[in-house]
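Asker: Below is a structure I'd like to ask you about.
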Amino acid sequence: MCTPPSSSWTIKKIFKLRNLVQPWIKSVVGNGLETFLWLDNWHPLGPLFSRYGERVVFNLGRSLSSKVASIINNDSWNWPRRRNAVTKEIIENTPTALVPHSGQSDSVIWLLNGQGFSIKSAWDKIREVRPVVAWWKVVWFKAHIPRWAIIQWLAVLGRLATKDRLQKWGVVPNDVCVLCDAATESHLHLFFLCPYSSYIVGQLLRICGYRRGLIRLDHEIGWASQHMTGNGLQQSLYKMVLAASLYHIWLERNNRVFQGFPRDALALMSVVKLDIRSCLSLWRRVKRSSKNQRLCALWNISQAVFSTV
Ligand SMILES: [Zn+2]
């Protein structure tokens with residue numbers, strides 16, 4: 001089956017995955033009217049076209065779109081009289097228990113759970129399972145914002161298209177950081193050894209009550225994995241500062257690379273603060289304590305977050 005040329009990139013990618021999941025999609029033959037003879041996974045040998053190619057269609061004198069019903073007669077298999085090696089192999093591997101039932105429609109079952117298809121069971125089957133990392137809760141914490149978390153996740157894994165990587169691939173002519181114009185742009189530098197980004201995240205962490213010297217994302221993530229495990233206001237604010245700073249610094253970097261309208265560190269810090277404040281202003285039922293009230297005052301967050309309604 002070919003993917004239509006006008007299909008979107010997403011559809012083409014999904015079509016490419018079909019061979020991965022097809023072995024777990026089983027067609028159960030009833031009257032054979034809805035099951036493709038060569039393409040569907042109804043026979044114990046699997047999809048017959050995948051196993052034997054075009055010759056099986058030619059040998060049995062059917063078309064590629066033939067249904068299983070074309071080899072059924074009165075609830076019995078109606079195999080062709082002229083039989084070559086391929087036909088004989090198919091017949092020999094057809095169990096006696098596999099018989100058509102004219103009174104039943106064909107059906108499809110998902111073999112992984114014997115029930116209906118589920119994305120979770122398919123994903124669990126095809127994905128590579130790796131050990132759970134200790135830092136996942138720092139990125140995907142309870143109050144995480146998806147657009148921040150995705151960029152942060154990629155940054156922690158070192159998967160963003162930083163200039164040091166792009167230059168190795170021959171995509172950009174130089175690897176100079178566009179934020180400070182004084183060092184190689186790498187994940188380590190951008191987050192947050194660069195003086196531009198270091199100033200922003202350092203100032204915001206200070207408002208949360210954390211004073212830092214040199215700020216490195218890997219160190220902060222490691223520290224937070226052990227010390228920022230709760231979902232209280234202070235812990236959440238710390239994680240939001242890390243994620244939102246990283247997100248906006250990456251946007252600013254892209255903005256400078258592609259559009260060339262730079263903002264200074266103070267301006268970008270205001271943007272990060274505003275974004276965090278907007279998210280926090282929607283919170284309710286925050287524990288009313290002197291520490292939390294002080295934090296709300298420092299971040300100019302409404303007292304409404306303490307309401308119980
Ligand atoms: Zn820099």
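For the structure tokens, the naming scheme is as follows: chains receive sequential letters (A, B, ...) according to their order of presentation, residues are indexed from 1 within each chain, and ligands are indexed from 1 in presentation order.
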Using only C-alpha atoms and all ligand atoms, determine which residues fall within 12 Å of ligand 1, then list them as a ChimeraX atom specification.
Answerer: /A:162-163,175-199,249-250,252-253,265
Asker: Can you spit out the residues from that selection as a tab-separated table (two decimals), in the first residue's frame, using N, CA and C atoms?
Answerer:
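Saved file again32.tsv follows:
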```tsv
chain	number	residue	atom	x	y	z
A	162	THR	N	21.79	23.23	18.78
A	162	THR	CA	22.72	24.31	19.12
A	162	THR	C	23.78	24.45	18.03
A	163	LYS	N	24.44	25.61	17.99
A	163	LYS	CA	25.34	25.89	16.87
A	163	LYS	C	26.55	24.97	16.83
A	175	ASP	N	30.08	28.91	15.17
A	175	ASP	CA	29.37	28.37	16.34
A	175	ASP	C	29.32	29.39	17.48
A	176	VAL	N	29.40	30.66	17.13
A	176	VAL	CA	29.46	31.69	18.18
A	176	VAL	C	28.08	31.94	18.78
A	177	CYS	N	28.04	32.02	20.10
A	177	CYS	CA	26.79	32.27	20.83
A	177	CYS	C	26.24	33.65	20.45
A	178	VAL	N	24.99	33.68	20.05
A	178	VAL	CA	24.40	34.96	19.63
A	178	VAL	C	23.91	35.79	20.82
A	179	LEU	N	23.96	35.21	22.02
A	179	LEU	CA	23.52	35.95	23.20
A	179	LEU	C	24.65	36.79	23.79
A	180	CYS	N	25.88	36.25	23.76
A	180	CYS	CA	27.01	36.99	24.33
A	180	CYS	C	28.08	37.30	23.28
A	181	ASP	N	28.04	36.63	22.17
A	181	ASP	CA	29.00	36.84	21.08
A	181	ASP	C	30.44	36.60	21.53
A	182	ALA	N	30.61	35.71	22.52
A	182	ALA	CA	31.96	35.57	23.08
A	182	ALA	C	32.36	34.13	23.35
A	183	ALA	N	31.52	33.16	23.01
A	183	ALA	CA	31.86	31.77	23.31
A	183	ALA	C	31.13	30.85	22.34
A	184	THR	N	31.55	29.58	22.35
A	184	THR	CA	30.87	28.60	21.51
A	184	THR	C	29.48	28.31	22.06
A	185	GLU	N	28.49	28.31	21.17
A	185	GLU	CA	27.12	28.01	21.60
A	185	GLU	C	26.94	26.50	21.72
A	186	SER	N	26.86	26.04	22.97
A	186	SER	CA	26.59	24.62	23.26
A	186	SER	C	25.47	24.58	24.29
A	187	HIS	N	24.97	23.40	24.58
A	187	HIS	CA	23.95	23.29	25.63
A	187	HIS	C	24.51	23.78	26.96
A	188	LEU	N	25.72	23.38	27.27
A	188	LEU	CA	26.33	23.75	28.54
A	188	LEU	C	26.47	25.27	28.64
A	189	HIS	N	26.86	25.90	27.54
A	189	HIS	CA	27.06	27.35	27.57
A	189	HIS	C	25.72	28.09	27.67
A	190	LEU	N	24.77	27.69	26.83
A	190	LEU	CA	23.48	28.39	26.83
A	190	LEU	C	22.76	28.27	28.16
A	191	PHE	N	22.89	27.09	28.79
A	191	PHE	CA	22.10	26.79	30.00
A	191	PHE	C	23.01	26.39	31.16
A	192	PHE	N	23.55	27.28	31.92
A	192	PHE	CA	23.38	28.72	31.89
A	192	PHE	C	24.73	29.40	32.14
A	193	LEU	N	25.77	28.91	31.48
A	193	LEU	CA	27.08	29.52	31.68
A	193	LEU	C	27.23	30.83	30.93
A	194	CYS	N	26.44	31.02	29.90
A	194	CYS	CA	26.46	32.28	29.15
A	194	CYS	C	26.09	33.43	30.10
A	195	PRO	N	26.86	34.53	30.10
A	195	PRO	CA	26.54	35.63	31.03
A	195	PRO	C	25.13	36.17	30.88
A	196	TYR	N	24.62	36.14	29.66
A	196	TYR	CA	23.24	36.63	29.40
A	196	TYR	C	22.23	35.75	30.12
A	197	SER	N	22.31	34.46	29.91
A	197	SER	CA	21.33	33.55	30.52
A	197	SER	C	21.58	33.38	32.01
A	198	SER	N	22.86	33.41	32.38
A	198	SER	CA	23.20	33.26	33.80
A	198	SER	C	22.60	34.39	34.63
A	199	TYR	N	22.62	35.60	34.06
A	199	TYR	CA	22.06	36.74	34.78
A	199	TYR	C	20.55	36.54	35.01
A	249	ILE	N	14.95	31.71	26.97
A	249	ILE	CA	16.32	31.93	26.47
A	249	ILE	C	16.49	31.24	25.10
A	250	TRP	N	15.92	30.05	24.98
A	250	TRP	CA	16.00	29.35	23.69
A	250	TRP	C	15.22	30.11	22.61
A	252	GLU	N	14.69	33.34	22.60
A	252	GLU	CA	15.48	34.55	22.30
A	252	GLU	C	16.65	34.21	21.38
A	253	ARG	N	17.27	33.09	21.65
A	253	ARG	CA	18.38	32.64	20.79
A	253	ARG	C	17.88	32.45	19.36
A	265	ALA	N	18.99	41.45	28.58
A	265	ALA	CA	18.69	40.46	29.63
A	265	ALA	C	17.57	40.93	30.54
```
Asker: Between A:Ile72, A:Val139, A:Leu280, A:Ile25, which residue has the minimum interatomic distance to A:Ile109, considering only C-alpha atoms?
Answerer: A:Ile25
Asker: I'd like the contact shell of A:Tyr52 - 12 Å cut-off, only C-alpha atoms, skipping same-chain residues fewer than 3 positions apart - returned as a ChimeraX atom specification.
Answerer: /A:38-39,45-49,55-60,85-87,89-90
Asker: Take the residues from that selection and write them out as a compact mmCIF listing (two decimals), in the first residue's frame, keeping C-alpha atoms.
Answerer:
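Generated output (result_14.txt):
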```
# COMPACT_ATOMS: atom_id res chain seq x y z
CA TRP A 38 -3.17 -11.26 0.48
CA LEU A 39 -2.72 -8.17 2.59
CA LEU A 45 1.78 -17.64 7.97
CA GLY A 46 1.05 -13.91 8.32
CA PRO A 47 0.12 -11.54 5.48
CA LEU A 48 0.62 -13.76 2.43
CA PHE A 49 1.71 -10.95 0.13
CA ARG A 55 3.98 -14.48 -7.32
CA VAL A 56 1.40 -15.74 -4.82
CA VAL A 57 -1.26 -13.51 -6.39
CA PHE A 58 -0.25 -14.66 -9.86
CA ASN A 59 -0.14 -18.34 -8.86
CA LEU A 60 -3.61 -18.35 -7.39
CA ALA A 85 4.76 -25.27 -3.98
CA VAL A 86 3.53 -21.97 -2.57
CA THR A 87 -0.12 -22.96 -2.70
CA GLU A 89 2.57 -24.59 1.70
CA ILE A 90 -0.37 -22.28 2.40
```
Asker: Check the DSSP output for the backbone and give back, as a PyMOL selection string, the residues of stretch 100-293 of chain A in helix (DSSP H, G or I).
Answerer: chain A and resi 119-126+136-139+146-157+163-168+187-193+195-207+217-227+233-258+265-280+290-293
Asker: For the strand (DSSP E) assignment from backbone DSSP, which residues of stretch 42-109 of chain A qualify? Please present them as an NGL selection string.
Answerer: :A and (72-73 or 76-77 or 107-109)
Asker: Go through A:Gly116, A:Gly222, A:Gly209, A:Pro262 and flag the residue nearest A:Gln234, using only C-alpha atoms for the distances.
Answerer: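 Checking each of A:Gly116, A:Gly222, A:Gly209, A:Pro262 against A:Gln234, counting only C-alpha atoms, the winner is A:Gly209.
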Asker: When you count only C-alpha atoms, which of these residues is closest to A:Trp140: A:Ala304, A:Met240, A:Val28, A:Leu246?
Answerer: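 Result for the nearest residue to A:Trp140: A:Met240.
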Asker: Using only C-alpha atoms, which of A:Ser105, A:Ser63, A:Asn292, A:Thr94 sits nearest A:Leu237?
Answerer: A:Asn292
Asker: Counting only C-alpha atoms, which residue out of A:Ser225, A:Trp110, A:Arg211, A:Lys291 sits closest to A:Trp136?
Answerer: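 Comparing A:Ser225, A:Trp110, A:Arg211, A:Lys291 against A:Trp136, the winner is A:Ser225.
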Asker: Which value, in Å to one decimal, gives the distance between atom CA of A:His219 and atom CA of A:Ser278?
Answerer: 27.6 Å
